[in-house]
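Chemist: Pasting in a structure now, in structure tokens, and then I'll have a few things to ask.
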Amino acid sequence: MTAYVVTSAPPNPNGDLHLGHLSGPFLGADVLSRHLRQRGHEVRYVGYSDEHSCYVPRRAAEIGSTAHPTARLFGDRMEETLSLGAMHHDWFTRPLTDDAHTSFVQRFFLELWESGALEVRELPVFHCAPCDRYLYEAEVRGECQFCGDPSDGVYCEACGLPQDPAGLAAPKCTACWTAPETRTLRRIVFPLERYRERLGAYYAQAQAEAEWRPRLISYLEGLFERELPDTPISREADYGIPVPLPGWEGHILDTWFSGIWGYVAGTARLAEANGDADEWQRLWTDPDTRVVNFIGFDCSFSHAVLWPALLLAQGELTLPSQVVINEFYRLEGDKFSTSRGHAIWGGEFLRRVNADALRFHLCLTGPEREQNNFSMKEFADTVSTVLAGGIDRWTDTVLDLFAQDFGSVVPAAAPAGPLAAERDALPAEVAAALGAEAFSPQRAAAAIATAVDRAAADLHALSVLRGAGAEHREEYAGRLVAQLELLAATAVAAAAVTPGWSAFLAERLGLPVELRTRMPGWVDAGVRLLPEGTALPAGLPVFFHELS
């Protein structure tokens with residue numbers, strides 16, 4: 001048994017989560033956490049709302065509010081959406097109402113400060129004269145100095161590279177849209193270049209033990225072709241976690257610095273809630289703990305470069321064993337956009353559709369290695385062919401045949417025919433796809449869809465045997481038992497992807513569902529799931545419904 005800490009990139013509480021958000025870190029982290037638990041591992045899935053982000057006061061100004069109620073409004077909506085999608089964390093910190101987050105961020109900042117890992121520099125900073133404020137990140141908009149795409153003031157969504165201080169091209173203040181001047185400001189920085197060799201050694205070891213996705217590897221290779229930047233971790237601003245040093249009043253710690261310590265704080269709060277306040281230290285200082293971060297590609301610098309380097313500088317906490325990135329998920333061919341209203345909001349959508357249906361479709365079509373597209377037609381097709389018209393119809397047909405021909409009791413026949421091998425193959429395929437080392441819910445969902453297709457094809461041969469007379473009764477019974485075993489194996493193997501349906505079917509077939517995980521226990525090849533004499537229901541209510 002291995003201990004895992006799984007994290008998802010902290011969302012900005014400046015709006016609800018849309019399907020593009022859900023398709024990436026949140027669903028991925030939830031699926032991995034569920035699968036690992038089902039396989040017997042100890043998992044702590046933690047995250048937090050990025051409530052100190054400068055996107056919050058910007059959004060507050062847009063809706064005529066202030067930062068704190070805005071963070072609460074949209075933080076509540078995000079948590080509600082995650083719950084509706086069965087994707088909520090074990091612990092999700094709300095920093096504005098949980099002092100542990102600030103305490104941990106300042107604690108580790110002081111450790112780094114006192115060890116000499118941080119330096120003070122005079123750096124150029126954008127300043128808006130009409131607004132009389134310095135501009136960072138959400139407060140300035142322009143063009144990426146590296147790729148030329150539209151970008152805010154820190155990280156470019158398109159290429160993922162950090163902008164130099166005041167390096168953004170054609171900058172404009174996002175409050176008044178005038179071009180800012182450039183001033184010089186004292187800031188605390190973290191000099192990344194001094195960790196080049198240790199980061200390289202870390203990448204080599206981590207990538208020897210797990211399959212990092214190709215675009216992240218390419219990103220790191222390109223970044224390391226030049227000198228690594230000195231990364232500012234403080235700002236002169238009035239909204240955020242204060243720099244806890246005398247003489248630095250009016251300066252806050254950058255949320256991109258705070259993030260890794262936010263994950264540690266979330267783990268500590270979860271440990272405290274579970275009655276073992278010291279567990280977080282054992283987890284985060286044990287080199288055998290596997291830390292897995294889920295992020296969008298645009299967060300690559302923070303999670304795969306800055307935060308590992310901060311952990312190296314701190315010297316005691318465990319580095320991530322895997323950083324799982326995803327690309328952008330598009331809507332009907334165009335990028336999801338909150339500002340343009342081009343989005344399907346998760347909370348609204350999940351009140352109208354089956355959560356497991358959406359989870360399965362997002363796994364099947366999610367942007368793992370390249371940008372992909374969500375369309376309502378394709379979602380309806382998935383529901384029609386794989387779920388309502390596949391799994392539900394398959395379940396109904398198999399149980400109906402057992403009711404008619406065997407009195408809803410599993411006969412003595414051993415599983416036979418091509419589906420007997422499929423029953424053993426499916427859990428192995430899903431396990432290979434959902435392991436942390438080469439995580440791919442897309443491959444897992446595709447394997448499940450293929451199993452459903454093969455079962456449907458075998459039902460035709462089964463109907464021929466059924467009508468072929470008494471001399472084929474034993475063969476018919478073996479083929480039908482194989483259908484049932486594959487159906488039960490699908491409920492077990494799909495539990496991380498479709499937890500609601502898996503528990504629903506498992507309970508009604510008599511498979512034990514674990515109280516702690518609310519999933520059927522994992523069963524490998526060669527183990528009979530529903531032995532001779534098992535009583536079956538004559539039928540079941542429909543779980544998935546066609547979309548109107």
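The chains in the structure tokens are called A, B, ... from first to last as shown; in each chain the residues are counted from 1, and the ligands are counted from 1 in the order shown.
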Skip Asp149 of chain A itself and residues of its chain fewer than 6 positions away, then list as a short mmCIF file (atom, residue, chain, number, x, y, z; two decimals) with N, CA, C and O atoms, in the first residue's frame all residues within 8 Å of it, counting only C-alpha atoms.
Modeler:
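Just written: selection17.cif:
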data_model
loop_
_atom_site.label_atom_id
_atom_site.label_comp_id
_atom_site.auth_asym_id
_atom_site.auth_seq_id
_atom_site.Cartn_x
_atom_site.Cartn_y
_atom_site.Cartn_z
N GLU A 143 0.27 41.58 -24.77
CA GLU A 143 0.67 40.47 -25.64
C GLU A 143 1.89 39.78 -25.03
O GLU A 143 2.81 40.44 -24.52
N CYS A 156 1.47 33.27 -19.66
CA CYS A 156 0.74 33.22 -20.92
C CYS A 156 -0.02 31.90 -21.00
O CYS A 156 0.56 30.82 -20.86
N ALA A 158 -1.25 30.56 -23.64
CA ALA A 158 -0.94 29.84 -24.87
C ALA A 158 0.37 29.06 -24.77
O ALA A 158 0.43 27.86 -25.06
#
Chemist: Please identify all polymer residues within 6 Å of segment 32-44 of chain A, counting only C-alpha atoms, omitting same-chain residues fewer than 2 positions from it, and present them as a list in words.
Modeler: Met1, Thr2, Ala3, Tyr4, Val5, Ala29, Asp30, Ala496, Gly521 and Trp522 of chain A
Chemist: Convert the current residue selection to file output with N, CA, C and O atoms, as a PDB file, in the first residue's frame.
Modeler:
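Result file out-v3.pdb:
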ATOM      1  N   MET A   1       0.840  -1.192   0.000  1.00  0.00           N
ATOM      2  CA  MET A   1       0.000   0.000   0.000  1.00  0.00           C
ATOM      3  C   MET A   1       0.880   1.248   0.000  1.00  0.00           C
ATOM      4  O   MET A   1       1.828   1.337   0.760  1.00  0.00           O
ATOM      5  N   THR A   2       0.533   2.200  -0.866  1.00  0.00           N
ATOM      6  CA  THR A   2       1.298   3.437  -1.001  1.00  0.00           C
ATOM      7  C   THR A   2       0.439   4.611  -0.552  1.00  0.00           C
ATOM      8  O   THR A   2      -0.776   4.621  -0.759  1.00  0.00           O
ATOM      9  N   ALA A   3       1.066   5.606   0.056  1.00  0.00           N
ATOM     10  CA  ALA A   3       0.361   6.825   0.447  1.00  0.00           C
ATOM     11  C   ALA A   3       0.483   7.850  -0.678  1.00  0.00           C
ATOM     12  O   ALA A   3       1.581   8.089  -1.204  1.00  0.00           O
ATOM     13  N   TYR A   4      -0.632   8.449  -1.046  1.00  0.00           N
ATOM     14  CA  TYR A   4      -0.673   9.454  -2.104  1.00  0.00           C
ATOM     15  C   TYR A   4      -1.268  10.750  -1.573  1.00  0.00           C
ATOM     16  O   TYR A   4      -2.225  10.736  -0.788  1.00  0.00           O
ATOM     17  N   VAL A   5      -0.697  11.871  -2.015  1.00  0.00           N
ATOM     18  CA  VAL A   5      -1.337  13.179  -1.881  1.00  0.00           C
ATOM     19  C   VAL A   5      -1.647  13.637  -3.303  1.00  0.00           C
ATOM     20  O   VAL A   5      -0.734  13.807  -4.121  1.00  0.00           O
ATOM     21  N   ALA A  29      -8.103  14.443 -11.153  1.00  0.00           N
ATOM     22  CA  ALA A  29      -7.678  14.176  -9.781  1.00  0.00           C
ATOM     23  C   ALA A  29      -8.683  13.300  -9.049  1.00  0.00           C
ATOM     24  O   ALA A  29      -8.305  12.415  -8.269  1.00  0.00           O
ATOM     25  N   ASP A  30      -9.965  13.517  -9.315  1.00  0.00           N
ATOM     26  CA  ASP A  30     -10.983  12.695  -8.661  1.00  0.00           C
ATOM     27  C   ASP A  30     -10.923  11.252  -9.146  1.00  0.00           C
ATOM     28  O   ASP A  30     -10.995  10.316  -8.342  1.00  0.00           O
ATOM     29  N   ALA A 496     -14.233   4.306 -10.796  1.00  0.00           N
ATOM     30  CA  ALA A 496     -13.573   5.611 -10.673  1.00  0.00           C
ATOM     31  C   ALA A 496     -14.124   6.613 -11.682  1.00  0.00           C
ATOM     32  O   ALA A 496     -14.117   7.823 -11.434  1.00  0.00           O
ATOM     33  N   GLY A 521     -15.157  -3.362  -4.324  1.00  0.00           N
ATOM     34  CA  GLY A 521     -13.731  -3.645  -4.233  1.00  0.00           C
ATOM     35  C   GLY A 521     -13.167  -4.142  -5.544  1.00  0.00           C
ATOM     36  O   GLY A 521     -13.860  -4.770  -6.348  1.00  0.00           O
ATOM     37  N   TRP A 522     -11.899  -3.856  -5.771  1.00  0.00           N
ATOM     38  CA  TRP A 522     -11.249  -4.254  -7.019  1.00  0.00           C
ATOM     39  C   TRP A 522     -11.079  -5.769  -7.065  1.00  0.00           C
ATOM     40  O   TRP A 522     -10.753  -6.406  -6.068  1.00  0.00           O
TER      41      TRP A 522
END
Chemist: As a VMD selection string, please: the residues near Trp177 of chain A (cut-off 9 Å, only C-alpha atoms, same-chain neighbours under 5 positions excluded).
Modeler: chain A and resid 140 to 141 171 to 172
Chemist: Mind the document's chain letters and residue numbers, and return as a VMD selection string the residues of segment 249-443 of chain A that DSSP labels alpha helix (DSSP H).
Modeler: chain A and resid 255 to 273 279 to 285 300 to 301 307 to 314 346 to 350 355 to 365 376 to 382 393 to 406 418 to 434 441 to 443
Chemist: Counting only C-alpha atoms, what is within 12 Å of segment 334-336 of chain A, bar same-chain residues fewer than 2 positions away, as a ChimeraX atom specification?
Modeler: /A:17-23,157-158,327-332,338-345,371-375
Chemist: Neighbours of Val243 of chain A within 12 Å (only C-alpha atoms; same-chain residues fewer than 5 positions away dropped), as JSON, numbers by chain?
Modeler: {"A": [102, 103, 105, 106, 107, 108, 109, 110, 113, 187, 188, 233, 234, 235, 236, 237, 238, 248, 249, 250, 251, 252, 253, 254, 255, 257, 258]}
Chemist: Write out as an mmCIF file with N, CA and C atoms, in the first residue's frame each polymer residue whose atoms come within 12 Å of Pro95 of chain A, counting only C-alpha atoms; drop sequence neighbours fewer than 2 positions from it.
Modeler:
data_model
loop_
_atom_site.group_PDB
_atom_site.id
_atom_site.type_symbol
_atom_site.label_atom_id
_atom_site.label_comp_id
_atom_site.auth_asym_id
_atom_site.auth_seq_id
_atom_site.Cartn_x
_atom_site.Cartn_y
_atom_site.Cartn_z
ATOM 1 N N PRO A 10 -5.538 25.222 -7.979
ATOM 2 C CA PRO A 10 -6.541 26.041 -7.284
ATOM 3 C C PRO A 10 -7.303 26.952 -8.244
ATOM 4 N N ASN A 12 -9.666 30.102 -9.469
ATOM 5 C CA ASN A 12 -9.972 31.466 -9.056
ATOM 6 C C ASN A 12 -11.469 31.595 -8.805
ATOM 7 N N PRO A 13 -11.881 32.082 -7.643
ATOM 8 C CA PRO A 13 -13.315 32.260 -7.394
ATOM 9 C C PRO A 13 -13.830 33.548 -8.017
ATOM 10 N N GLY A 47 -7.213 20.473 -2.057
ATOM 11 C CA GLY A 47 -7.128 21.644 -2.919
ATOM 12 C C GLY A 47 -7.568 22.870 -2.134
ATOM 13 N N TYR A 48 -7.627 23.994 -2.816
ATOM 14 C CA TYR A 48 -8.090 25.222 -2.162
ATOM 15 C C TYR A 48 -8.580 26.200 -3.210
ATOM 16 N N SER A 49 -9.387 27.131 -2.768
ATOM 17 C CA SER A 49 -9.852 28.211 -3.626
ATOM 18 C C SER A 49 -8.823 29.336 -3.588
ATOM 19 N N ASP A 50 -8.446 29.841 -4.752
ATOM 20 C CA ASP A 50 -7.394 30.864 -4.831
ATOM 21 C C ASP A 50 -7.974 32.240 -4.489
ATOM 22 N N GLU A 51 -8.426 32.364 -3.241
ATOM 23 C CA GLU A 51 -9.191 33.538 -2.843
ATOM 24 C C GLU A 51 -8.349 34.798 -2.690
ATOM 25 N N HIS A 52 -7.034 34.653 -2.599
ATOM 26 C CA HIS A 52 -6.172 35.843 -2.515
ATOM 27 C C HIS A 52 -5.712 36.320 -3.890
ATOM 28 N N SER A 53 -6.185 35.692 -4.931
ATOM 29 C CA SER A 53 -5.795 36.071 -6.291
ATOM 30 C C SER A 53 -6.300 37.468 -6.632
ATOM 31 N N HIS A 68 -14.083 40.103 -0.676
ATOM 32 C CA HIS A 68 -14.464 39.000 0.217
ATOM 33 C C HIS A 68 -15.812 38.387 -0.130
ATOM 34 N N ALA A 71 -15.414 36.409 -3.400
ATOM 35 C CA ALA A 71 -14.737 35.121 -3.220
ATOM 36 C C ALA A 71 -15.676 34.101 -2.589
ATOM 37 N N ARG A 72 -16.483 34.550 -1.652
ATOM 38 C CA ARG A 72 -17.422 33.624 -1.025
ATOM 39 C C ARG A 72 -18.501 33.186 -2.010
ATOM 40 N N GLY A 75 -16.831 30.981 -4.679
ATOM 41 C CA GLY A 75 -16.279 29.795 -4.027
ATOM 42 C C GLY A 75 -17.373 28.806 -3.678
ATOM 43 N N PHE A 92 -11.044 20.997 0.916
ATOM 44 C CA PHE A 92 -10.942 22.135 0.011
ATOM 45 C C PHE A 92 -10.914 23.391 0.865
ATOM 46 N N THR A 93 -9.737 23.992 1.001
ATOM 47 C CA THR A 93 -9.560 25.145 1.888
ATOM 48 C C THR A 93 -10.171 26.400 1.281
ATOM 49 N N THR A 97 -11.427 32.326 5.166
ATOM 50 C CA THR A 97 -12.089 31.947 6.421
ATOM 51 C C THR A 97 -11.367 30.799 7.121
ATOM 52 N N ASP A 98 -10.157 30.502 6.699
ATOM 53 C CA ASP A 98 -9.375 29.415 7.307
ATOM 54 C C ASP A 98 -7.945 29.926 7.492
ATOM 55 N N ASP A 99 -7.593 30.284 8.709
ATOM 56 C CA ASP A 99 -6.294 30.899 8.982
ATOM 57 C C ASP A 99 -5.118 29.963 8.720
ATOM 58 N N ALA A 100 -5.371 28.654 8.647
ATOM 59 C CA ALA A 100 -4.268 27.710 8.453
ATOM 60 C C ALA A 100 -3.529 28.001 7.152
ATOM 61 N N HIS A 101 -4.262 28.386 6.111
ATOM 62 C CA HIS A 101 -3.630 28.650 4.814
ATOM 63 C C HIS A 101 -2.594 29.764 4.943
ATOM 64 N N THR A 102 -3.013 30.905 5.497
ATOM 65 C CA THR A 102 -2.086 32.023 5.679
ATOM 66 C C THR A 102 -0.932 31.640 6.598
ATOM 67 N N SER A 103 -1.228 30.921 7.653
ATOM 68 C CA SER A 103 -0.204 30.519 8.616
ATOM 69 C C SER A 103 0.874 29.669 7.951
ATOM 70 N N PHE A 104 0.464 28.697 7.126
ATOM 71 C CA PHE A 104 1.439 27.829 6.459
ATOM 72 C C PHE A 104 2.239 28.599 5.420
ATOM 73 N N VAL A 105 1.584 29.458 4.652
ATOM 74 C CA VAL A 105 2.303 30.225 3.627
ATOM 75 C C VAL A 105 3.369 31.103 4.291
ATOM 76 N N GLY A 240 -4.222 40.413 -0.184
ATOM 77 C CA GLY A 240 -3.425 39.196 -0.236
ATOM 78 C C GLY A 240 -2.826 38.877 1.124
ATOM 79 N N ILE A 241 -1.945 37.888 1.154
ATOM 80 C CA ILE A 241 -1.279 37.484 2.390
ATOM 81 C C ILE A 241 -0.089 38.403 2.624
ATOM 82 N N THR A 255 0.402 34.867 -5.045
ATOM 83 C CA THR A 255 -0.325 33.600 -4.903
ATOM 84 C C THR A 255 0.376 32.452 -5.628
ATOM 85 N N SER A 258 2.509 31.073 -3.094
ATOM 86 C CA SER A 258 1.763 30.487 -1.982
ATOM 87 C C SER A 258 1.237 29.092 -2.275
ATOM 88 N N GLY A 259 1.060 28.762 -3.553
ATOM 89 C CA GLY A 259 0.292 27.580 -3.918
ATOM 90 C C GLY A 259 0.740 26.273 -3.311
ATOM 91 N N TRP A 261 2.421 25.681 -0.684
ATOM 92 C CA TRP A 261 2.178 25.656 0.772
ATOM 93 C C TRP A 261 0.680 25.540 1.059
ATOM 94 N N GLY A 262 -0.146 25.996 0.113
ATOM 95 C CA GLY A 262 -1.589 25.799 0.245
ATOM 96 C C GLY A 262 -1.966 24.328 0.203
ATOM 97 N N TYR A 263 -1.266 23.555 -0.638
ATOM 98 C CA TYR A 263 -1.514 22.110 -0.668
ATOM 99 C C TYR A 263 -1.110 21.461 0.659
ATOM 100 N N ALA A 265 -1.013 22.970 3.573
ATOM 101 C CA ALA A 265 -1.991 23.412 4.568
ATOM 102 C C ALA A 265 -3.277 22.613 4.462
ATOM 103 N N GLY A 266 -3.729 22.337 3.237
ATOM 104 C CA GLY A 266 -4.936 21.539 3.049
ATOM 105 C C GLY A 266 -4.776 20.137 3.601
ATOM 106 N N ARG A 269 -5.037 20.392 7.390
ATOM 107 C CA ARG A 269 -6.411 20.571 7.860
ATOM 108 C C ARG A 269 -7.197 19.265 7.753
#
Chemist: Kindly indicate which residue among A:Val481, A:Val452, A:Val523, A:Leu419 lies nearest to Ala388 of chain A, using only C-alpha atoms for the distances.
Modeler: A:Val452
Chemist: For each of A:Ala313, A:Ala413, A:Ala489, A:Cys176, take the minimum atom-to-atom distance to Glu111 of chain A, counting only C-alpha atoms, then give the residue where this is smallest.
Modeler: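 Closest to Glu111 of chain A of all the choices is A:Ala313.
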Chemist: If you run DSSP on the backbone, which residues of segment 62-280 of chain A are strand (DSSP E), as a ChimeraX atom specification?
Modeler: /A:91-93,119-128,133-135,140-143,150-152,169-173,181-191,230-232,234-236,241-242,251-253
Chemist: Counting only C-alpha atoms, which of A:Ala482, A:Leu540, A:Ala444, A:Ala204 gets nearest to Val410 of chain A?
Modeler: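 Closest to Val410 of chain A, using only C-alpha atoms: A:Ala482.
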Chemist: Please determine, counting only C-alpha atoms, which residue among A:Gly346, A:Pro541, A:Pro130, A:Pro441 has the shortest atom-to-atom distance to Val497 of chain A.
Modeler: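 So, comparing all the options, the nearest one is A:Pro441.
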Chemist: When you count only C-alpha atoms, which of these residues is closest to Glu422 of chain A: A:Gly526, A:Gly467, A:Pro520, A:Gly24?
Modeler: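 The closest residue to Glu422 of chain A is A:Gly526.
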Chemist: Suppose you want the space between atom CA of Ala169 of chain A and atom CA of Phe146 of chain A; what is it in Å?
Modeler: 9.3 Å
Chemist: What gap, in Å, lies between atom CA of Thr231 of chain A and atom CA of Ser321 of chain A?
Modeler: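 Separation of atom CA of Thr231 of chain A and atom CA of Ser321 of chain A: 23.2 Å.
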